[in-house]
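Some notes on the structure that comes next.
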Amino acid sequence: MYDGGKIIAGIIIGLLLLTFPIWYGLGRAAPKPDVKVPVKEKECVEPKAYMKNYHMQLLDLWRDSTVRVAKRSFIAFNGKKYEMSLQKTCMSADCHARKTEFCDQCHNYTGVVPYCWDCHIPPKEEPKRKPEEKH
Amino acid sequence: MAVNRRKFLKIGGASILAFGAKPAADALGISPTEWLDEKLGGFTIPETLLHLFRKPAGSVAGEALTAKRWAMVVNVRALDEEIAEACKEACHRVHNVPEIDNPKHEIKWIWQEEYEHVFPGQQHEHVDEALKKLPFLVMCNHCFNPPCCRVCPTKATFKRKKDGIVLMDMHRCIGCRFCMAACPFGARSFNWIIPWPRAGAEEERRFKGKEPPTPDYPTRAKGVVEKCNFCAERLAKGQIPACVEVSQELCKKKGREPALVFGDLEDPDSEVRQLLRLHYTIRRKPELGSHPNVYYIV
Ligand code: SF4
Ligand code: SF4
């Protein structure tokens, strides 16, 4: 075999490069999402399991209903009535007041980037204090 | 492949149904798509199914302002620079319309325009100088027969069946700008740049620099078209449009007739209909047949 050494070295280097993402990430799994649910409000507009799986369909229904047919309120599973608004209802002060501690947790973990926030305004969160700024 | 008897009958039956549908629909005076549109009330079929299976959604009766056909009367004689500016400021504040200096990127929902641009067909060399100086307020006319909606390939812009408001669904707009080409009034603006830039870092996504004036109304993304929405979101809460409200307050203070009046064109007792009876009014480019719902007292 001509240039056997070079070929084998090449194959090894190639394999190393190909598998780079695997061994580079070994033992460094991204932190599990740490979702903080609202303290004040105990129930969402649908049961938790439904929201977990289908919140995107629900939000789609909300947006089409509000924008296209001008029906703006929603009767929740527990009979309560809500305004169908991402900014004013979902992200209100009593509910998911911190997008970074709710939406972003799973979305960042799974790499899902919905374009809601290209237009909708996320609630204001005071920036996390860095340890050195104690004064 | 030979067509056997069974298949021939099937095709024949289907064809009769298909060709029979047209005369039947013609007899009813409504096209099947129109009929379906009416039945679905703005929803497409999968959305309707979703709607049927999920919890009922509705607006509270008595809470919203409703009409068969919303219209506005602009009394230009009662307007002045200050009122016109206040209207623009109010509208742009409640809808998070950005102020962009570059005229190429500018976003406008309501603005002042010169007589000869508002009524080009009425322009002649001896038009009264005073008239030329009046601040004509222009916005989307919420046309009865809106060309913008006919050309939209995604139905992102649509005329709301129940009250005639021409709306934008920003979620569907693909930024093709057909509607801008179709609108004869230049009522639409395109977002060439991100109107309210956010900080780059994904996890932060905070607004950078100037913040949008109201947290209650969404902003827009780069690449969508926007325009006046006759304050549909305010009507839903029982409030009149922001520009109308502000102008009426100012006119009252100055002891004038209201400069902007909003109401139901189909209701013979409404304020707009009374004004239309009292005054001679004109509309923009009526010869185009789009039937604007904004009337001007000049
Ligand atoms: S004024 Fe222009 S944008 Fe408004 S409804 Fe008429 S055609 Fe459409
Ligand atoms: S009706 Fe509402 S959206 Fe339209 S110009 Fe007036 S304030 Fe702006």
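So you can find residues: chains in the structure tokens are A, B, ... in the order shown, residues in each start at 1, and ligands are numbered from 1 in order.
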
Hey, what's within 10 Å of Tyr109 in chain A if we count only C-alpha atoms and toss same-chain stuff fewer than 2 positions away? As a PDB file with all heavy atoms, in the first residue's frame, please?
```pdb
ATOM      1  N   ALA A  30     -26.073  20.610  28.609  1.00  0.00           N
ATOM      2  CA  ALA A  30     -26.661  21.904  28.955  1.00  0.00           C
ATOM      3  C   ALA A  30     -27.522  21.736  30.194  1.00  0.00           C
ATOM      4  O   ALA A  30     -28.115  20.677  30.395  1.00  0.00           O
ATOM      5  CB  ALA A  30     -27.514  22.410  27.801  1.00  0.00           C
ATOM      6  N   PRO A  31     -27.558  22.753  31.064  1.00  0.00           N
ATOM      7  CA  PRO A  31     -28.362  22.613  32.282  1.00  0.00           C
ATOM      8  C   PRO A  31     -29.819  22.357  31.930  1.00  0.00           C
ATOM      9  O   PRO A  31     -30.336  22.911  30.968  1.00  0.00           O
ATOM     10  CB  PRO A  31     -28.187  23.962  32.974  1.00  0.00           C
ATOM     11  CG  PRO A  31     -27.676  24.890  31.943  1.00  0.00           C
ATOM     12  CD  PRO A  31     -26.926  24.057  30.959  1.00  0.00           C
ATOM     13  N   LYS A  32     -30.461  21.530  32.725  1.00  0.00           N
ATOM     14  CA  LYS A  32     -31.884  21.236  32.503  1.00  0.00           C
ATOM     15  C   LYS A  32     -32.691  22.509  32.646  1.00  0.00           C
ATOM     16  O   LYS A  32     -32.357  23.359  33.462  1.00  0.00           O
ATOM     17  CB  LYS A  32     -32.346  20.228  33.581  1.00  0.00           C
ATOM     18  CG  LYS A  32     -32.043  18.798  33.251  1.00  0.00           C
ATOM     19  CD  LYS A  32     -33.371  18.023  33.186  1.00  0.00           C
ATOM     20  CE  LYS A  32     -33.148  16.617  32.676  1.00  0.00           C
ATOM     21  NZ  LYS A  32     -32.638  15.743  33.745  1.00  0.00           N
ATOM     22  N   PRO A  33     -33.759  22.637  31.863  1.00  0.00           N
ATOM     23  CA  PRO A  33     -34.564  23.844  32.029  1.00  0.00           C
ATOM     24  C   PRO A  33     -35.129  23.943  33.433  1.00  0.00           C
ATOM     25  O   PRO A  33     -35.539  22.935  34.017  1.00  0.00           O
ATOM     26  CB  PRO A  33     -35.684  23.669  30.999  1.00  0.00           C
ATOM     27  CG  PRO A  33     -35.547  22.331  30.418  1.00  0.00           C
ATOM     28  CD  PRO A  33     -34.235  21.760  30.802  1.00  0.00           C
ATOM     29  N   ASP A  34     -35.087  25.163  33.954  1.00  0.00           N
ATOM     30  CA  ASP A  34     -35.566  25.377  35.312  1.00  0.00           C
ATOM     31  C   ASP A  34     -36.726  26.367  35.212  1.00  0.00           C
ATOM     32  O   ASP A  34     -36.551  27.572  35.296  1.00  0.00           O
ATOM     33  CB  ASP A  34     -34.412  25.937  36.152  1.00  0.00           C
ATOM     34  CG  ASP A  34     -34.863  26.351  37.542  1.00  0.00           C
ATOM     35  OD1 ASP A  34     -35.903  25.842  38.002  1.00  0.00           O
ATOM     36  OD2 ASP A  34     -34.180  27.197  38.159  1.00  0.00           O
ATOM     37  N   ASP A 104     -38.185  31.153  27.987  1.00  0.00           N
ATOM     38  CA  ASP A 104     -36.817  30.935  27.513  1.00  0.00           C
ATOM     39  C   ASP A 104     -36.207  29.639  28.026  1.00  0.00           C
ATOM     40  O   ASP A 104     -35.349  29.054  27.373  1.00  0.00           O
ATOM     41  CB  ASP A 104     -35.924  32.106  27.944  1.00  0.00           C
ATOM     42  CG  ASP A 104     -36.279  33.376  27.195  1.00  0.00           C
ATOM     43  OD1 ASP A 104     -37.129  33.279  26.297  1.00  0.00           O
ATOM     44  OD2 ASP A 104     -35.719  34.431  27.517  1.00  0.00           O
ATOM     45  N   GLN A 105     -36.631  29.212  29.218  1.00  0.00           N
ATOM     46  CA  GLN A 105     -36.014  28.022  29.804  1.00  0.00           C
ATOM     47  C   GLN A 105     -36.081  26.823  28.857  1.00  0.00           C
ATOM     48  O   GLN A 105     -35.053  26.256  28.502  1.00  0.00           O
ATOM     49  CB  GLN A 105     -36.688  27.691  31.138  1.00  0.00           C
ATOM     50  CG  GLN A 105     -36.352  28.659  32.254  1.00  0.00           C
ATOM     51  CD  GLN A 105     -34.876  28.650  32.607  1.00  0.00           C
ATOM     52  OE1 GLN A 105     -34.230  27.613  32.541  1.00  0.00           O
ATOM     53  NE2 GLN A 105     -34.345  29.801  32.976  1.00  0.00           N
ATOM     54  N   CYS A 106     -37.277  26.459  28.425  1.00  0.00           N
ATOM     55  CA  CYS A 106     -37.411  25.306  27.528  1.00  0.00           C
ATOM     56  C   CYS A 106     -37.005  25.656  26.102  1.00  0.00           C
ATOM     57  O   CYS A 106     -36.392  24.850  25.411  1.00  0.00           O
ATOM     58  CB  CYS A 106     -38.839  24.796  27.510  1.00  0.00           C
ATOM     59  SG  CYS A 106     -39.369  24.156  29.084  1.00  0.00           S
ATOM     60  N   HIS A 107     -37.385  26.839  25.671  1.00  0.00           N
ATOM     61  CA  HIS A 107     -37.094  27.203  24.281  1.00  0.00           C
ATOM     62  C   HIS A 107     -35.595  27.239  24.027  1.00  0.00           C
ATOM     63  O   HIS A 107     -35.127  26.792  22.984  1.00  0.00           O
ATOM     64  CB  HIS A 107     -37.750  28.539  23.930  1.00  0.00           C
ATOM     65  CG  HIS A 107     -39.236  28.425  23.733  1.00  0.00           C
ATOM     66  ND1 HIS A 107     -40.038  29.508  23.512  1.00  0.00           N
ATOM     67  CD2 HIS A 107     -40.054  27.351  23.727  1.00  0.00           C
ATOM     68  CE1 HIS A 107     -41.300  29.098  23.369  1.00  0.00           C
ATOM     69  NE2 HIS A 107     -41.330  27.788  23.506  1.00  0.00           N
ATOM     70  N   GLY A 111     -33.717  24.662  21.698  1.00  0.00           N
ATOM     71  CA  GLY A 111     -33.321  25.405  20.508  1.00  0.00           C
ATOM     72  C   GLY A 111     -34.502  25.813  19.645  1.00  0.00           C
ATOM     73  O   GLY A 111     -34.406  25.869  18.424  1.00  0.00           O
ATOM     74  N   VAL A 112     -35.640  26.068  20.282  1.00  0.00           N
ATOM     75  CA  VAL A 112     -36.815  26.517  19.543  1.00  0.00           C
ATOM     76  C   VAL A 112     -36.895  28.038  19.663  1.00  0.00           C
ATOM     77  O   VAL A 112     -36.931  28.563  20.763  1.00  0.00           O
ATOM     78  CB  VAL A 112     -38.102  25.893  20.137  1.00  0.00           C
ATOM     79  CG1 VAL A 112     -39.334  26.459  19.450  1.00  0.00           C
ATOM     80  CG2 VAL A 112     -38.048  24.390  20.004  1.00  0.00           C
TER      81      VAL A 112
END
```

Handout entry: Non-local contacts of Ala156 in chain B (6 Å; only C-alpha atoms; under 5 positions in same chain excluded) as a ChimeraX atom specification
Key = /B:168-169,172-173

Export of the given selection (N, CA and C atoms) as a PDB file, in the first residue's frame:
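Printed below is part_0.pdb as written:
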```
ATOM      1  N   MET B 168     -54.839  44.509   9.253  1.00  0.00           N
ATOM      2  CA  MET B 168     -53.606  43.782   8.922  1.00  0.00           C
ATOM      3  C   MET B 168     -53.409  42.679   9.948  1.00  0.00           C
ATOM      4  N   ASP B 169     -53.095  41.475   9.479  1.00  0.00           N
ATOM      5  CA  ASP B 169     -52.688  40.406  10.383  1.00  0.00           C
ATOM      6  C   ASP B 169     -51.182  40.269  10.201  1.00  0.00           C
ATOM      7  N   ARG B 172     -49.327  37.062   9.332  1.00  0.00           N
ATOM      8  CA  ARG B 172     -49.394  36.431   8.022  1.00  0.00           C
ATOM      9  C   ARG B 172     -48.656  37.206   6.950  1.00  0.00           C
ATOM     10  N   CYS B 173     -48.362  38.487   7.215  1.00  0.00           N
ATOM     11  CA  CYS B 173     -47.761  39.335   6.177  1.00  0.00           C
ATOM     12  C   CYS B 173     -46.399  38.778   5.782  1.00  0.00           C
TER      13      CYS B 173
END
```

Practice task
Just the alpha helix (DSSP H) stuff from range 101-280 of chain B, please, per backbone DSSP, written as a ChimeraX atom specification.
Solution key: /B:115-118,129-133,147-151,178-182,232-235,242-253,271-278

Exercise for the section: Pick out the closest residue to chain B from this set: A:Thr110, A:Trp117, A:Lys80, A:Lys71. Count only C-alpha atoms. Expected result: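 Between A:Thr110, A:Trp117, A:Lys80, A:Lys71, the residue approaching chain B most closely is A:Lys71.
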
Exercise for the section: Could you tell me which of A:Val69, A:Leu86, A:Met51, A:Met1 comes closest to chain B if we count only C-alpha atoms? Expected result: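 The closest residue to chain B is A:Val69.
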
Problem - Selection within 10 Å of ligand 2 by only C-alpha atoms and all ligand atoms, output as a VMD selection string - result: chain B and resid 71 to 72 87 to 95 97 108 to 111 137 to 142 227 to 235 240 to 247 260 262

Go ahead and save the residues from that selection, with C-alpha atoms, as an mmCIF file, in the first residue's frame.
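Written output follows (again-v1.cif):
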```
data_model
loop_
_atom_site.group_PDB
_atom_site.id
_atom_site.type_symbol
_atom_site.label_atom_id
_atom_site.label_comp_id
_atom_site.auth_asym_id
_atom_site.auth_seq_id
_atom_site.Cartn_x
_atom_site.Cartn_y
_atom_site.Cartn_z
ATOM 1 C CA ALA B 71 -66.617 55.728 8.838
ATOM 2 C CA MET B 72 -64.882 58.983 9.635
ATOM 3 C CA CYS B 87 -53.726 63.447 16.307
ATOM 4 C CA LYS B 88 -50.615 62.031 14.741
ATOM 5 C CA GLU B 89 -48.792 61.989 18.036
ATOM 6 C CA ALA B 90 -51.681 60.205 19.804
ATOM 7 C CA CYS B 91 -52.098 57.586 17.091
ATOM 8 C CA HIS B 92 -48.408 56.851 16.857
ATOM 9 C CA ARG B 93 -48.065 56.669 20.621
ATOM 10 C CA VAL B 94 -50.869 54.152 21.224
ATOM 11 C CA HIS B 95 -49.741 51.960 18.341
ATOM 12 C CA VAL B 97 -45.353 53.611 15.533
ATOM 13 C CA LYS B 108 -46.997 56.638 8.941
ATOM 14 C CA TRP B 109 -50.495 55.754 10.106
ATOM 15 C CA ILE B 110 -51.936 59.265 9.977
ATOM 16 C CA TRP B 111 -50.253 62.383 8.645
ATOM 17 C CA LEU B 137 -55.209 64.786 7.690
ATOM 18 C CA VAL B 138 -54.960 61.536 5.780
ATOM 19 C CA MET B 139 -54.935 57.900 6.827
ATOM 20 C CA CYS B 140 -56.200 54.587 5.504
ATOM 21 C CA ASN B 141 -59.690 55.136 4.075
ATOM 22 C CA HIS B 142 -60.939 51.687 5.066
ATOM 23 C CA LYS B 227 -51.249 51.146 8.415
ATOM 24 C CA CYS B 228 -54.101 52.729 10.379
ATOM 25 C CA ASN B 229 -56.453 50.095 11.841
ATOM 26 C CA PHE B 230 -59.320 52.470 12.761
ATOM 27 C CA CYS B 231 -58.224 51.683 16.317
ATOM 28 C CA ALA B 232 -59.842 48.239 16.226
ATOM 29 C CA GLU B 233 -58.177 47.394 19.544
ATOM 30 C CA ARG B 234 -59.701 50.489 21.181
ATOM 31 C CA LEU B 235 -63.165 49.876 19.709
ATOM 32 C CA ILE B 240 -63.307 55.768 20.103
ATOM 33 C CA PRO B 241 -60.166 56.069 17.942
ATOM 34 C CA ALA B 242 -57.265 57.871 19.557
ATOM 35 C CA CYS B 243 -57.011 60.574 16.883
ATOM 36 C CA VAL B 244 -60.730 61.333 17.142
ATOM 37 C CA GLU B 245 -60.591 61.527 20.916
ATOM 38 C CA VAL B 246 -57.621 63.897 20.968
ATOM 39 C CA SER B 247 -58.947 66.136 18.214
ATOM 40 C CA LEU B 260 -62.735 64.409 13.378
ATOM 41 C CA PHE B 262 -66.311 58.713 13.892
#
```

Fill in the blank from the handout: Atom pair CA of Lys252 in chain B + CA of Leu134 in chain B, distance 19.3 Å

With ligand 1 as the partner and 9 Å as the cut-off, tabulate the residues of chain B that qualify, each row holding the nearest pair of atoms and their distance in Å to one decimal, using only C-alpha atoms and all ligand atoms, sorted by chain and rising number, as a Markdown table.
```
| residue | atom | partner | partner_atom_place_in_ligand_line | distance |
| --- | --- | --- | --- | --- |
| B:Met139 | CA | ligand 1 | 1 (S) | 7.1 |
| B:Cys140 | CA | ligand 1 | 4 (Fe) | 3.8 |
| B:Asn141 | CA | ligand 1 | 1 (S) | 4.0 |
| B:His142 | CA | ligand 1 | 5 (S) | 3.8 |
| B:Cys143 | CA | ligand 1 | 5 (S) | 4.2 |
| B:Phe144 | CA | ligand 1 | 5 (S) | 7.4 |
| B:Asn145 | CA | ligand 1 | 5 (S) | 7.6 |
| B:Pro146 | CA | ligand 1 | 5 (S) | 4.7 |
| B:Pro147 | CA | ligand 1 | 7 (S) | 5.0 |
| B:Cys148 | CA | ligand 1 | 8 (Fe) | 4.4 |
| B:Cys149 | CA | ligand 1 | 8 (Fe) | 6.6 |
| B:Thr157 | CA | ligand 1 | 8 (Fe) | 8.4 |
| B:Phe158 | CA | ligand 1 | 5 (S) | 8.9 |
| B:Lys159 | CA | ligand 1 | 5 (S) | 8.0 |
| B:Ile165 | CA | ligand 1 | 5 (S) | 8.0 |
| B:Val166 | CA | ligand 1 | 5 (S) | 5.5 |
| B:Leu167 | CA | ligand 1 | 5 (S) | 8.3 |
| B:Cys179 | CA | ligand 1 | 3 (S) | 7.0 |
| B:Met180 | CA | ligand 1 | 3 (S) | 7.3 |
| B:Ala182 | CA | ligand 1 | 7 (S) | 6.5 |
| B:Cys183 | CA | ligand 1 | 7 (S) | 3.8 |
| B:Pro184 | CA | ligand 1 | 2 (Fe) | 6.0 |
| B:Phe185 | CA | ligand 1 | 2 (Fe) | 5.4 |
| B:Gly186 | CA | ligand 1 | 2 (Fe) | 6.5 |
| B:Ala187 | CA | ligand 1 | 2 (Fe) | 5.1 |
| B:Arg188 | CA | ligand 1 | 3 (S) | 5.8 |
| B:Glu226 | CA | ligand 1 | 3 (S) | 8.9 |
| B:Lys227 | CA | ligand 1 | 3 (S) | 7.0 |
| B:Cys228 | CA | ligand 1 | 4 (Fe) | 7.8 |
| B:Asn229 | CA | ligand 1 | 4 (Fe) | 8.8 |
| B:Ser290 | CA | ligand 1 | 6 (Fe) | 6.6 |
| B:His291 | CA | ligand 1 | 6 (Fe) | 8.0 |
| B:Pro292 | CA | ligand 1 | 6 (Fe) | 6.3 |
| B:Asn293 | CA | ligand 1 | 6 (Fe) | 8.5 |
| B:Val294 | CA | ligand 1 | 1 (S) | 9.0 |
```

Closest atom pairs, residues of chain A within 6 Å of chain B, only C-alpha atoms, as a tab-separated table:
```
residue	atom	partner	partner_atom	distance
A:Arg68	CA	B:Gly42	CA	5.8
A:Val69	CA	B:Gly42	CA	5.9
A:Lys71	CA	B:Gly58	CA	4.6
A:Arg72	CA	B:Ser59	CA	5.2
A:Ser73	CA	B:Ser59	CA	5.3
A:Phe74	CA	B:Ala57	CA	4.6
A:Asp118	CA	B:Ala221	CA	5.5
A:Cys119	CA	B:Thr219	CA	4.5
A:His120	CA	B:Pro218	CA	4.6
```

Just to be explicit: take each residue in the selection above, keep all heavy atoms, and write the result as a CSV table (one decimal), in the first residue's frame.
```
chain,number,residue,atom,x,y,z
A,68,ARG,N,-58.5,38.3,13.7
A,68,ARG,CA,-59.3,38.1,12.5
A,68,ARG,C,-60.8,38.2,12.7
A,68,ARG,O,-61.6,38.6,11.9
A,68,ARG,CB,-58.9,36.8,11.8
A,68,ARG,CG,-57.4,36.8,11.4
A,68,ARG,CD,-57.1,35.7,10.4
A,68,ARG,NE,-57.5,36.0,9.1
A,68,ARG,CZ,-56.7,36.7,8.2
A,68,ARG,NH1,-55.5,37.1,8.6
A,68,ARG,NH2,-57.1,37.0,7.0
A,69,VAL,N,-61.3,37.7,13.9
A,69,VAL,CA,-62.7,37.7,14.1
A,69,VAL,C,-63.2,38.6,15.2
A,69,VAL,O,-64.3,38.6,15.6
A,69,VAL,CB,-63.4,36.3,14.2
A,69,VAL,CG1,-63.4,35.6,12.9
A,69,VAL,CG2,-62.7,35.5,15.2
A,71,LYS,N,-63.0,38.4,18.3
A,71,LYS,CA,-63.4,37.8,19.6
A,71,LYS,C,-62.2,37.8,20.5
A,71,LYS,O,-61.3,37.1,20.2
A,71,LYS,CB,-64.0,36.4,19.3
A,71,LYS,CG,-65.3,36.4,18.6
A,71,LYS,CD,-65.9,35.1,18.5
A,71,LYS,CE,-67.3,35.1,17.9
A,71,LYS,NZ,-67.8,33.8,17.7
A,72,ARG,N,-62.3,38.6,21.5
A,72,ARG,CA,-61.1,38.9,22.3
A,72,ARG,C,-61.1,38.2,23.7
A,72,ARG,O,-60.2,38.4,24.5
A,72,ARG,CB,-60.9,40.4,22.4
A,72,ARG,CG,-60.4,40.9,21.1
A,72,ARG,CD,-60.2,42.4,21.2
A,72,ARG,NE,-59.8,42.9,19.9
A,72,ARG,CZ,-58.6,43.4,19.7
A,72,ARG,NH1,-57.6,43.4,20.5
A,72,ARG,NH2,-58.3,43.9,18.4
A,73,SER,N,-62.2,37.6,24.1
A,73,SER,CA,-62.1,37.0,25.5
A,73,SER,C,-62.3,35.5,25.4
A,73,SER,O,-62.9,34.9,24.4
A,73,SER,CB,-63.1,37.6,26.4
A,73,SER,OG,-64.4,37.7,25.8
A,74,PHE,N,-61.8,34.8,26.4
A,74,PHE,CA,-61.6,33.4,26.4
A,74,PHE,C,-62.2,32.8,27.7
A,74,PHE,O,-61.9,33.3,28.7
A,74,PHE,CB,-60.2,33.0,26.2
A,74,PHE,CG,-59.8,31.6,26.1
A,74,PHE,CD1,-60.1,30.9,24.9
A,74,PHE,CD2,-59.3,30.9,27.2
A,74,PHE,CE1,-59.8,29.5,24.8
A,74,PHE,CE2,-59.0,29.5,27.1
A,74,PHE,CZ,-59.2,28.9,25.9
A,118,ASP,N,-40.4,39.1,18.2
A,118,ASP,CA,-40.0,40.1,17.2
A,118,ASP,C,-40.9,41.3,17.3
A,118,ASP,O,-40.5,42.4,16.9
A,118,ASP,CB,-40.0,39.5,15.8
A,118,ASP,CG,-38.9,38.5,15.5
A,118,ASP,OD1,-38.1,38.3,16.4
A,118,ASP,OD2,-38.9,37.9,14.4
A,119,CYS,N,-42.1,41.0,17.7
A,119,CYS,CA,-43.1,42.1,17.7
A,119,CYS,C,-43.6,42.3,19.1
A,119,CYS,O,-43.7,43.4,19.6
A,119,CYS,CB,-44.3,41.8,16.8
A,119,CYS,SG,-43.9,41.8,15.1
A,120,HIS,N,-44.1,41.2,19.8
A,120,HIS,CA,-44.6,41.4,21.1
A,120,HIS,C,-43.6,41.8,22.1
A,120,HIS,O,-42.4,41.4,22.0
A,120,HIS,CB,-45.3,40.1,21.5
A,120,HIS,CG,-46.6,39.8,20.7
A,120,HIS,ND1,-47.8,40.4,21.1
A,120,HIS,CD2,-46.8,39.1,19.6
A,120,HIS,CE1,-48.7,40.0,20.2
A,120,HIS,NE2,-48.1,39.3,19.3
```
